[in-house]
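Participant: If it helps, the file is called work07.txt and holds compact mmCIF, C-alpha atoms:
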# COMPACT_ATOMS: atom_id res chain seq x y z
CA MET B 5 -4.96 22.06 1.40
CA ASN B 6 -2.52 24.86 0.70
CA LYS B 7 0.18 26.06 3.09
CA HIS B 8 -1.75 29.19 4.12
CA TYR B 9 -4.73 27.12 5.23
CA ARG B 10 -2.37 24.90 7.22
CA ALA B 11 -0.78 27.96 8.84
CA LEU B 12 -4.25 29.03 9.98
CA GLU B 13 -4.87 25.46 11.17
CA LEU B 14 -8.01 25.26 9.04
CA ASP B 15 -7.73 21.47 8.94
CA LYS B 16 -7.97 21.31 12.74
CA ILE B 17 -10.95 23.67 12.81
CA LEU B 18 -12.75 21.67 10.13
CA GLU B 19 -12.09 18.47 12.07
CA MET B 20 -13.73 20.02 15.14
CA VAL B 21 -16.72 20.99 12.99
CA ALA B 22 -16.86 17.46 11.55
CA GLN B 23 -17.01 16.00 15.06
CA GLU B 24 -20.21 18.00 15.66
CA ALA B 25 -21.92 16.62 12.54
CA SER B 26 -24.86 14.29 13.10
CA SER B 27 -24.00 11.95 10.21
CA ALA B 28 -20.89 10.49 8.65
CA ASP B 29 -21.73 12.12 5.32
CA GLY B 30 -22.14 15.51 6.99
CA ALA B 31 -18.78 15.10 8.72
CA GLU B 32 -17.11 14.31 5.41
CA LEU B 33 -18.66 17.39 3.81
CA ALA B 34 -17.49 19.53 6.74
CA ARG B 35 -13.91 18.35 6.23
CA LYS B 36 -14.06 19.46 2.57
CA VAL B 37 -15.17 23.06 3.25
CA GLU B 38 -13.03 25.64 1.47
CA PRO B 39 -12.83 29.36 2.27
CA VAL B 40 -14.46 31.77 -0.19
CA HIS B 41 -12.31 34.33 -1.96
CA THR B 42 -14.61 37.27 -2.68
CA ALA B 43 -16.53 39.64 -0.48
CA ALA B 44 -19.72 38.96 -2.47
CA GLU B 45 -19.51 35.23 -1.80
CA ALA B 46 -18.89 35.86 1.89
CA GLN B 47 -21.81 38.29 2.08
CA TRP B 48 -24.17 35.79 0.42
CA LEU B 49 -23.09 33.00 2.79
CA LEU B 50 -23.55 35.31 5.78
CA GLN B 51 -27.10 36.10 4.62
CA GLU B 52 -27.83 32.36 4.29
CA THR B 53 -26.45 31.75 7.77
CA ASP B 54 -28.51 34.60 9.20
CA ALA B 55 -31.69 33.27 7.55
CA ALA B 56 -31.03 29.81 9.01
CA PHE B 57 -30.39 31.30 12.46
CA VAL B 58 -33.64 33.29 12.34
CA LEU B 59 -35.62 30.19 11.37
CA MET B 60 -34.03 28.19 14.20
CA ALA B 61 -34.68 31.00 16.68
CA LYS B 62 -38.36 31.15 15.68
CA TYR B 63 -39.14 27.47 15.21
CA GLY B 64 -36.34 25.58 16.93
CA ALA B 65 -33.59 23.64 15.25
CA PRO B 66 -34.61 20.63 13.16
CA SER B 67 -33.19 17.30 14.28
CA PHE B 68 -30.98 15.31 11.95
CA TYR B 69 -30.45 12.55 14.51
CA GLY B 70 -30.90 9.11 12.99
CA MET B 71 -30.03 10.18 9.46
CA LYS B 72 -28.02 7.48 7.70
CA ASN B 73 -26.82 7.11 4.14
CA VAL B 74 -29.18 4.46 2.79
CA VAL B 75 -28.46 4.87 -0.92
CA ASN B 76 -26.79 1.47 -1.39
CA PRO B 77 -29.42 -0.59 0.47
CA LEU B 78 -32.20 1.20 -1.42
CA ARG B 79 -30.52 0.52 -4.77
CA ARG B 80 -30.10 -3.13 -3.84
CA ALA B 81 -33.77 -3.36 -2.81
CA GLN B 82 -34.83 -1.64 -6.03
CA ALA B 83 -32.87 -4.26 -8.00
CA GLY B 84 -34.74 -7.02 -6.17
CA GLY B 85 -32.13 -7.86 -3.54
CA GLY B 86 -32.86 -8.56 0.10
CA LEU B 87 -32.08 -6.28 3.01
CA GLY B 88 -30.81 -7.20 6.44
CA LEU B 89 -32.32 -6.11 9.73
CA LYS B 90 -29.72 -3.37 10.32
CA GLU B 91 -30.36 -1.92 6.87
CA LEU B 92 -34.11 -1.91 7.45
CA LEU B 93 -33.63 -0.19 10.80
CA ASP B 94 -31.34 2.42 9.20
CA ILE B 95 -33.94 3.09 6.49
CA GLY B 96 -36.66 3.40 9.14
CA ALA B 97 -34.56 5.85 11.19
CA THR B 98 -33.85 7.92 8.09
CA LEU B 99 -37.53 8.02 7.16
CA ARG B 100 -38.47 9.16 10.69
CA THR B 101 -35.86 11.92 10.48
CA ILE B 102 -37.19 13.00 7.08
CA ARG B 103 -40.74 13.07 8.47
CA GLY B 104 -39.57 15.31 11.33
CA LEU B 105 -37.76 17.61 8.91
CA THR B 106 -40.86 17.79 6.72
CA GLN B 107 -43.00 18.75 9.71
CA TRP B 108 -40.45 21.38 10.76
CA TRP B 109 -40.36 22.75 7.21
CA GLY B 110 -44.16 22.96 7.15
CA GLU B 111 -44.19 24.94 10.41
CA SER B 112 -41.48 27.34 9.25
CA GLU B 113 -42.79 27.78 5.71
CA GLY B 114 -43.57 31.47 6.13
CA GLY B 115 -40.04 32.39 7.18
CA LYS B 116 -37.29 33.65 4.90
CA THR B 117 -35.16 30.80 3.59
Produce C-alpha cells that represent the structure in this file.
Facilitator:
Amino acid sequence: MNKHYRALELDKILEMVAQEASSADGAELARKVEPVHTAAEAQWLLQETDAAFVLMAKYGAPSFYGMKNVVNPLRRAQAGGGLGLKELLDIGATLRTIRGLTQWWGESEGGKT
C-alpha cells in the first residue's frame, strides 16, 4: 500500500469493511481492494453499485450466511478421500446458502444486473 493510501487511512477503512464480511474469503478480498484511477472506472463501479442497491431494495438482500470455502474438502472427496463431520456440515451450510442465492436470483431475474 503506497504512502498516499496510508495517509488517507485506507488500510483502516478496508479493515472495517472486512469485519462486515460474512466469510473469511470475502474479508480477505475486502482487504485487497484498490482505488480506481480513472473517472470511467469509477462511473462503471457506481453503476454496478446502483444496480445492486436497486435489486436489494426491490427483492431484499440475499443472505451469504453459512458460506464457507469448501474447495479443499471437495477436492479431497473427489480424489476418494474421506471427510470429517465438520467438513460435511460446512459443505451442507454452503449448499443451503447457494440454494437461497439461487432462489433470490430467480425472483430478481427481471431486474437490471
Participant: I'd like to know which of B:Thr98, B:Gly70, B:Ser27, B:Pro39 is closest to His8 in chain B, using all atoms listed in the file.
Facilitator: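 The closest residue to His8 in chain B is B:Pro39.
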Participant: Which distance in Å separates CA of Ala43 in chain B and CA of Val58 in chain B, to one decimal?
Facilitator: 22.3 Å
Participant: Which residues are near Val21 in chain B? Cut-off 12 Å, all atoms listed in the file, ignore same chain within fewer than 2 positions. Put them as a list of chain:residue names.
Facilitator: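 In the requested format, the answer is B:Leu14, B:Asp15, B:Lys16, B:Ile17, B:Leu18, B:Glu19, B:Gln23, B:Glu24, B:Ala25, B:Ser26, B:Ser27, B:Gly30, B:Ala31, B:Glu32, B:Leu33, B:Ala34, B:Arg35, B:Lys36, B:Val37.
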Participant: Identify which of the residues B:Ala28, B:Leu87, B:Trp109, B:Ile95 lies closest to Ala56 in chain B, counting all atoms listed in the file when measuring atom-to-atom distances.
Facilitator: B:Trp109
Participant: Step by step, gather every atom of range 81-89 of chain B that the file lists, find the box along x, y and z that holds them, add 6 Å on each side, and finally give centre and edge lengths in Å to one decimal, as JSON.
Facilitator:
{"center_x": -32.8, "center_y": -5.1, "center_z": 0.9, "size_x": 16.0, "size_y": 18.9, "size_z": 29.7}
Participant: For the atom pair CA of Gly110 in chain B and CA of Asn76 in chain B, what is the interatomic distance in Å to one decimal place?
Facilitator: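 If I compute the distance from CA of Gly110 in chain B to CA of Asn76 in chain B, I get 28.9 Å.
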Participant: Tell me which of B:Ala83, B:Asn73, B:Lys90, B:Phe68 sits closest to Ile102 in chain B, counting only C-alpha atoms.
Facilitator: B:Phe68
Participant: How many Å lie between CA of Arg80 in chain B and CA of Arg100 in chain B, rounded to one decimal?
Facilitator: 20.8 Å
Participant: For each of B:Gly85, B:Glu113, B:Pro77, B:Ala97, take the minimum atom-to-atom distance to Tyr63 in chain B, counting only C-alpha atoms, then give the residue where this is smallest.
Facilitator: B:Glu113
